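**Q** My questions will all concern the structure given below.
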Amino acid sequence: MLTGENIVQSVAGLLNWVYSQLGISALAGFINPIISSVVMFGFISVFVMFLVWMERKVSAHMQSRIGPNRVGPFGLLQTVADAIKLTTKEDVKPVNRDKIPYYIAPIIAFVATFMGMVVIPFDKGMVVQDLNVGILYIIAITGFTVIAILTAGWSSNNKFALLGGFRSAAQIISYEVPLVLSVVPIIMITGTLSLTGIVEYQEKAGYWFIFPQIVAFLIFITSATAEANRAPFDIPEAESELIGGFHTEYSGVKFAMFFLGEYIAVVVSSAVAVTLFLGGWLPVAFLGFLHLPGFIWFMIKLVSVIYVVMAFRWTFPRLRVDQLMDFGWKVLIPFSILNILVTAAVWLFLYGKGAQ
Amino acid sequence: MENMIFYVIAGITVASALMALTVRNLFHCALFLAMAMFGISGVFLYLNSDFLASVQVLIYVGAVTVIIIFGISLTRNMMDERSKAMNHQFLFSIVVALLLSAVIIAAIQESPFVGAEHPMSLMLSSTTGDASQQLAANIASPDHPFQGGVAYLAGALLRPENGFAFAFEFVSILLLSALVGAIVIARKDPA
């Protein structure tokens with residue numbers, strides 16, 4: 001049967017043969033991660049193009065429109081055309097910008113979110129690098145986007161951009177707390193921080209964590225949407241108030257990198273949600289007769305979660321700043337702490353001291 | 001080779017720390033500070049302590065630096081190139097900094113890392129096989145200094161026989177009181 005592990009092993013075998021032909025087998029440990037990162041980069045670029053198309057189709061559907069339908073079948077190539085347009089556009093820069101920070105901000109925004117993809121297990125063994133601290137690593141490395149956004153806002157030398165940057169930093173810091181706290185019960189139950197380990201625990205246990213941990217799932221999805229600066233939490237770039245927020249002064253390729261980073265952030269947080277709460281590459285129980293490979297199941301779940309996140313955007317109106325802070329600090333954080341306490345108590349009651 | 005990696009990481013860290021001290025634009029200082037913190041997490045990674053590296057990035061880059069940027073952006077004259085970088089306490093602070101570095105250097109001399117072979121050197125000398133598996137095998141012995149995984153750290157901190165459990169709990173209460181204190185100070189009406 002075709003599995004992600006088989007594919008990875010055959011590719012690794014092929015690469016080893018190439019290395020032995022070239023006489024560089026000793027360097028395999030350094031070249032292989034580079035190759036898998038490049039493959040991941042190619043995948044994520046194409047996938048984000050598909051997601052942009054999907055977002056426009058979903059929004060069109062929800063607003064009784066047709067959406068992109070001119071370029072390619074069903075308008076599928078519309079995003080390709082847009083990407084070409086963005087890369088060939090004139091790069092308009094403010095004269096009084098802070099030159100180097102202005103230049104590096106979009107790079108940090110893109111790289112920080114892309115680095116989160118590195119530990120996502122698409123299938124058993126189908127992961128660029130399975131870190132022991134996977135989930136912590138994702139939360140830490142995606143935190144860099146705050147610095148990128150603040151830098152972009154500051155270096156643009158534009159009050160709207162600066163305001164957008166501040167709003168965003170306040171929002172991301174506030175929602176990072178419930179995001180981390182909502183993951184804690186899962187780590188307590190499984191006893192591992194590795195994403196592969198968490199999926200394997202769900203395989204062994206025979207259930208997905210969304211059932212005992214529905215509260216954590218809801219908190220996680222809400223905070224992840226806020227972290228990605230997406231509506232209804234998009235006050236950092238609220239078009240009607242701040243023109244475009246922190247990326248007001250960015251155009252062309254630099255804007256494209258912020259845009260790409262935002263979509264990768266959605267992919268990363270949805271992929272983490274799938275891994276933690278929806279069983280990762282495990283098949284859906286009552287559809288197990290289909291015998292699809294694990295990475296197909298993963299992609300089906302991933303696109304479904306992303307669809308829900310997109311549906312949020314076109315369903316709910318934007319929150320005001322004070323409502324946003326109230327919701328984060330007075331609703332999400334108390335509930336996530338309560339969830340940790342209740343989970344710990346129930347697990348101790350059910351399994352005693354040596355709960356694992 | 002593995003020493004080269006260390007020197008690159010350390011060079012970046014020290015250079016950006018120096019830049020954070022000397023650059024006159026406060027916003028650039030904060031960015032260099034973030035880079036120095038990131039470099040320190042690289043040192044943790046080099047010492048095979050992935051948990052500490054992640055936490056370093058999460059707290060110092062993701063939170064502390066952002067708060068600093070927030071703070072200096074809301075302060076006046078932050079872009080003033082002529083503002084003085086030192087005040088009358090600078091001699092005293094140099095003495096304190098030297099004493100602190102003496103203590104840290106003394107502690108480093110005592111650490112089990114001194115003279116230990118880095119696990120990566122074995123990995124580099126091998127010509128075949130899975131690098132990560134070999135790395136895991138190299139640090140399998142429980143008293144190996146390069147064993148910095150999260151489970152090891154949890155045991156070292158929280159097992160009562162190691163004697164750090166009380167300090168650990170004490171620090172968390174300290175942080176909690178700081179949190180409560182911040183809320184009390186930030187309240188508008190002392191009702």
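Chain labels run A, B, ... following the order of the structure tokens; each chain numbers its residues from 1, and ligands are numbered from 1 in the order shown.
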Quick one: which chain A residues come within 10 Å of chain B, and what is the nearest atom pair for each with the distance in Å to one decimal, counting only C-alpha atoms, rows ordered by chain and ascending number, as CSV?

**A**
```
residue,atom,partner,partner_atom,distance
A:Asn16,CA,B:Thr128,CA,9.6
A:Ile24,CA,B:Thr127,CA,9.2
A:Ser25,CA,B:Thr127,CA,6.5
A:Ala26,CA,B:Thr127,CA,4.6
A:Leu27,CA,B:Thr127,CA,8.0
A:Ala28,CA,B:Thr128,CA,8.3
A:Gly29,CA,B:Ala131,CA,5.8
A:Phe30,CA,B:Ala131,CA,9.1
A:Asp98,CA,B:His28,CA,9.6
A:Ile100,CA,B:His28,CA,9.6
A:Pro101,CA,B:His28,CA,8.1
A:Gln129,CA,B:Ser132,CA,9.6
A:Asp130,CA,B:Ser132,CA,9.8
A:Leu131,CA,B:Asp50,CA,8.3
A:Asn132,CA,B:Asp50,CA,7.7
A:Val133,CA,B:Phe51,CA,6.1
A:Gly134,CA,B:Ser54,CA,9.3
A:Ile135,CA,B:Ser54,CA,9.7
A:Leu136,CA,B:Ser54,CA,6.4
A:Tyr137,CA,B:Ser54,CA,5.4
A:Ile138,CA,B:Ser54,CA,8.7
A:Ile139,CA,B:Leu58,CA,7.2
A:Ala140,CA,B:Leu58,CA,4.2
A:Ile141,CA,B:Val57,CA,7.0
A:Thr142,CA,B:Gly62,CA,8.6
A:Gly143,CA,B:Gly62,CA,5.0
A:Phe144,CA,B:Gly62,CA,6.0
A:Thr145,CA,B:Gly62,CA,8.6
A:Val146,CA,B:Gly62,CA,7.2
A:Ile147,CA,B:Val66,CA,6.5
A:Ala148,CA,B:Leu31,CA,9.9
A:Leu150,CA,B:Ile69,CA,8.1
A:Thr151,CA,B:Leu31,CA,8.4
A:Trp154,CA,B:Phe27,CA,8.5
A:Ser155,CA,B:Phe27,CA,9.3
A:Leu162,CA,B:Ser73,CA,9.5
A:Gly165,CA,B:Phe70,CA,10.0
A:Phe166,CA,B:Phe70,CA,7.5
A:Ala169,CA,B:Val66,CA,7.4
A:Ala170,CA,B:Phe70,CA,9.0
A:Ile172,CA,B:Gly62,CA,9.7
A:Ile173,CA,B:Ala63,CA,7.1
A:Glu176,CA,B:Gly62,CA,9.6
A:Gly191,CA,B:Ala151,CA,9.3
A:Thr192,CA,B:Ala151,CA,8.9
A:Leu193,CA,B:Val150,CA,8.7
```

**Q** Find the residues around Phe295 (chain A) up to 8 Å (only C-alpha atoms counted), leave out those fewer than 5 positions away in its own chain, and share them as a ChimeraX atom specification.

**A** /A:3-4,122-123,281

**Q** Just the residues within 10 Å of Glu90 (chain A), please, counting only C-alpha atoms, with nothing from its chain fewer than 5 positions along; format it as a PyMOL selection string.

**A** chain A and resi 85+251-253

**Q** Excluding same-chain residues fewer than 2 positions from Met54 (chain A), what lies within 10 Å of it counting only C-alpha atoms, as a list in words?

**A** Val48, Met49, Phe50, Leu51, Val52, Arg56, Lys57, Val58, Ser59, Ala60, Gly67, Pro68, Leu76, Thr79, Val303, Ile306, Tyr307 and Met310 of chain A

**Q** Hey, can you check how far CA of Leu26 (chain B) sits from CA of Ile9 (chain B)?

**A**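 Straight-line distance from CA of Leu26 (chain B) to CA of Ile9 (chain B) works out to 23.8 Å.
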
**Q** Rank nothing, just name the residue among A:Thr113, A:Gln202, A:Ser168, A:Ser336 nearest to Thr222 (chain A), using only C-alpha atoms.

**A**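 Smallest separation from Thr222 (chain A) among the options: A:Ser336.
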
**Q** Counting only C-alpha atoms, what is within 12 Å of Glu169 (chain B), bar same-chain residues fewer than 6 positions away, as a list in words?

**A**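 Returned residues: Leu157, Leu158, Pro160, Gly163, Leu175 and Leu176 of chain B.
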
**Q** Between CA of Ala109 (chain A) and CA of Gly261 (chain A), what is the distance, to one decimal in Å?

**A**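 These atoms are spaced 5.9 Å apart.
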
**Q** Taking 4 positions as the minimum chain separation for residues in the same chain, which residues sit within 12 Å of region 86-97 of chain B when counting only C-alpha atoms? Answer as a list in words.

**A**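 Listing them by chain and then by number gives Leu21, Thr22, Arg24, Arg82, Ser101, Ala102, Val103 and Ile104 of chain B.
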
**Q** Could you turn the residues from that selection into a file that holds N, CA and C atoms, as a tab-separated table (two decimals), in the first residue's frame?

**A**
```
chain	number	residue	atom	x	y	z
B	21	LEU	N	24.17	47.63	22.10
B	21	LEU	CA	24.64	48.59	23.09
B	21	LEU	C	25.08	49.90	22.45
B	22	THR	N	25.63	49.83	21.23
B	22	THR	CA	26.29	51.01	20.68
B	22	THR	C	25.45	51.79	19.68
B	24	ARG	N	22.77	54.11	18.05
B	24	ARG	CA	22.07	55.20	18.72
B	24	ARG	C	20.57	55.16	18.53
B	82	ARG	N	21.40	62.46	19.26
B	82	ARG	CA	22.32	63.16	20.14
B	82	ARG	C	22.11	62.81	21.60
B	101	SER	N	30.26	38.80	35.12
B	101	SER	CA	30.91	37.93	34.14
B	101	SER	C	31.92	37.02	34.83
B	102	ALA	N	32.59	37.52	35.90
B	102	ALA	CA	33.51	36.66	36.63
B	102	ALA	C	32.78	35.46	37.22
B	103	VAL	N	31.61	35.73	37.82
B	103	VAL	CA	30.83	34.63	38.41
B	103	VAL	C	30.43	33.63	37.33
B	104	ILE	N	29.95	34.15	36.17
B	104	ILE	CA	29.49	33.26	35.10
B	104	ILE	C	30.64	32.43	34.56
```

**Q** Just want the 8 Å neighbourhood of Ala36 (chain B), counted on only C-alpha atoms, with same-chain residues fewer than 6 positions away dropped. Output as a ChimeraX atom specification.

**A** /B:12-17
